[in-house]
Amino acid sequence: MLGNTINNNINNKETKTKCFLTINDLREKDYSNKELSPQERLAIKNFDRYRIIELNKQTSESKFHIKYMQIQVMANLSPYEEFLKEAYFF
């Protein structure tokens, strides 16, 4: 019985799909020489600019590392469209 439960969980995990692309997905797509749309390129550009500005604002090494991790999470888990919002245009 336990074996069947484990197999069902593995099968469920394999069939789940993400409904959006993240900044890191776009980077992977670009590194694979797949064409990016102008909006996808703009999202990466805005994200990179945001990352640099935010990291440069940090006043201590510990704050820098915390902010760095937060930004990495954003790159991994946020839809890239988030970085097309006006708040990320600097």
# chains A, B, ... in the order shown; residues from 1 in each chain; ligands from 1
>>> residues_around(residues="range 51-57 of chain A", least_positions_apart="6", cutoff="8 Å", atoms="only C-alpha atoms", output="short mmCIF file (atom, residue, chain, number, x, y, z; two decimals) with C-alpha atoms, in the first residue's frame")
data_model
loop_
_atom_site.label_atom_id
_atom_site.label_comp_id
_atom_site.auth_asym_id
_atom_site.auth_seq_id
_atom_site.Cartn_x
_atom_site.Cartn_y
_atom_site.Cartn_z
CA PHE A 64 23.24 42.63 1.50
CA LYS A 67 18.45 41.18 0.11
CA TYR A 68 20.44 39.01 -2.31
CA ILE A 71 15.98 38.83 -5.00
#
>>> closest_atom_pairs(of="range 53-77 of chain A", to="range 25-35 of chain A", cutoff="10 Å", atoms="only C-alpha atoms", output="Markdown table")
| residue | atom | partner | partner_atom | distance |
| --- | --- | --- | --- | --- |
| A:Ala75 | CA | A:Asp25 | CA | 8.6 |
| A:Asn76 | CA | A:Asp25 | CA | 7.9 |
| A:Leu77 | CA | A:Asp25 | CA | 9.7 |
>>> write_last_selection(atoms="N, CA and C atoms", output="short mmCIF file (atom, residue, chain, number, x, y, z; two decimals), in the first residue's frame")
data_model
loop_
_atom_site.label_atom_id
_atom_site.label_comp_id
_atom_site.auth_asym_id
_atom_site.auth_seq_id
_atom_site.Cartn_x
_atom_site.Cartn_y
_atom_site.Cartn_z
N ALA A 75 13.52 35.96 -8.56
CA ALA A 75 13.91 35.48 -9.89
C ALA A 75 13.45 34.04 -10.14
N ASN A 76 13.36 33.27 -9.07
CA ASN A 76 12.97 31.87 -9.19
C ASN A 76 11.47 31.63 -9.15
N LEU A 77 10.73 32.51 -8.46
CA LEU A 77 9.33 32.22 -8.19
C LEU A 77 8.31 33.23 -8.72
#
>>> closest_residue(among="A:Ala43, A:Cys19, A:Gln58, A:Asp48", to="Tyr80 in chain A", atoms="only C-alpha atoms")
A:Ala43
>>> closest_residue(among="A:Ser60, A:Gln70, A:Ser78, A:Asn24", to="Ile44 in chain A", atoms="only C-alpha atoms")
A:Asn24
>>> atom_distance(atom1="CA of Gln39 in chain A", atom2="CA of Ile66 in chain A")
28.7 Å
>>> select_by_dssp(residues="chain A", states="helix (DSSP H, G or I)", output="ChimeraX atom specification")
/A:2-15,23-31,38-57,61-77,80-84,86-88
>>> closest_residue(among="A:Glu61, A:Pro79, A:Met69, A:Glu86", to="Glu40 in chain A", atoms="only C-alpha atoms")
A:Pro79
>>> atom_distance(atom1="CA of Leu42 in chain A", atom2="CA of Leu84 in chain A")
7.1 Å
>>> atom_distance(atom1="CA of Leu36 in chain A", atom2="CA of Lys85 in chain A")
18.2 Å
>>> decode(residues="range 66-84 of chain A", atoms="N, CA and C atoms", output="CSV table (one decimal), in the first residue's frame")
chain,number,residue,atom,x,y,z
A,66,ILE,N,20.9,39.2,2.9
A,66,ILE,CA,19.5,38.9,3.0
A,66,ILE,C,18.7,39.4,1.8
A,67,LYS,N,19.1,40.6,1.3
A,67,LYS,CA,18.4,41.2,0.1
A,67,LYS,C,18.8,40.3,-1.1
A,68,TYR,N,20.0,39.9,-1.2
A,68,TYR,CA,20.4,39.0,-2.3
A,68,TYR,C,19.6,37.8,-2.4
A,69,MET,N,19.4,37.1,-1.2
A,69,MET,CA,18.5,35.9,-1.2
A,69,MET,C,17.1,36.2,-1.6
A,70,GLN,N,16.5,37.4,-1.1
A,70,GLN,CA,15.2,37.8,-1.5
A,70,GLN,C,15.0,38.0,-3.0
A,71,ILE,N,16.0,38.6,-3.6
A,71,ILE,CA,16.0,38.8,-5.0
A,71,ILE,C,16.1,37.5,-5.8
A,72,GLN,N,16.9,36.6,-5.3
A,72,GLN,CA,17.0,35.3,-5.9
A,72,GLN,C,15.7,34.6,-5.9
A,73,VAL,N,15.0,34.7,-4.8
A,73,VAL,CA,13.7,34.0,-4.7
A,73,VAL,C,12.7,34.7,-5.7
A,74,MET,N,12.8,36.0,-5.8
A,74,MET,CA,11.9,36.6,-6.8
A,74,MET,C,12.2,36.1,-8.2
A,75,ALA,N,13.5,36.0,-8.6
A,75,ALA,CA,13.9,35.5,-9.9
A,75,ALA,C,13.5,34.0,-10.1
A,76,ASN,N,13.4,33.3,-9.1
A,76,ASN,CA,13.0,31.9,-9.2
A,76,ASN,C,11.5,31.6,-9.1
A,77,LEU,N,10.7,32.5,-8.5
A,77,LEU,CA,9.3,32.2,-8.2
A,77,LEU,C,8.3,33.2,-8.7
A,78,SER,N,8.7,34.4,-9.1
A,78,SER,CA,7.8,35.4,-9.6
A,78,SER,C,7.6,35.3,-11.1
A,79,PRO,N,6.4,35.5,-11.6
A,79,PRO,CA,6.2,35.6,-13.0
A,79,PRO,C,7.0,36.7,-13.6
A,80,TYR,N,7.6,36.6,-14.8
A,80,TYR,CA,8.4,37.6,-15.3
A,80,TYR,C,7.6,38.9,-15.6
A,81,GLU,N,6.3,38.8,-15.8
A,81,GLU,CA,5.5,39.9,-16.0
A,81,GLU,C,5.5,40.9,-14.9
A,82,GLU,N,5.8,40.4,-13.7
A,82,GLU,CA,6.0,41.3,-12.5
A,82,GLU,C,7.0,42.4,-12.8
A,83,PHE,N,8.0,42.1,-13.5
A,83,PHE,CA,9.1,43.1,-13.8
A,83,PHE,C,8.8,43.9,-15.0
A,84,LEU,N,7.6,43.9,-15.5
A,84,LEU,CA,7.2,44.8,-16.6
A,84,LEU,C,6.4,45.9,-16.0
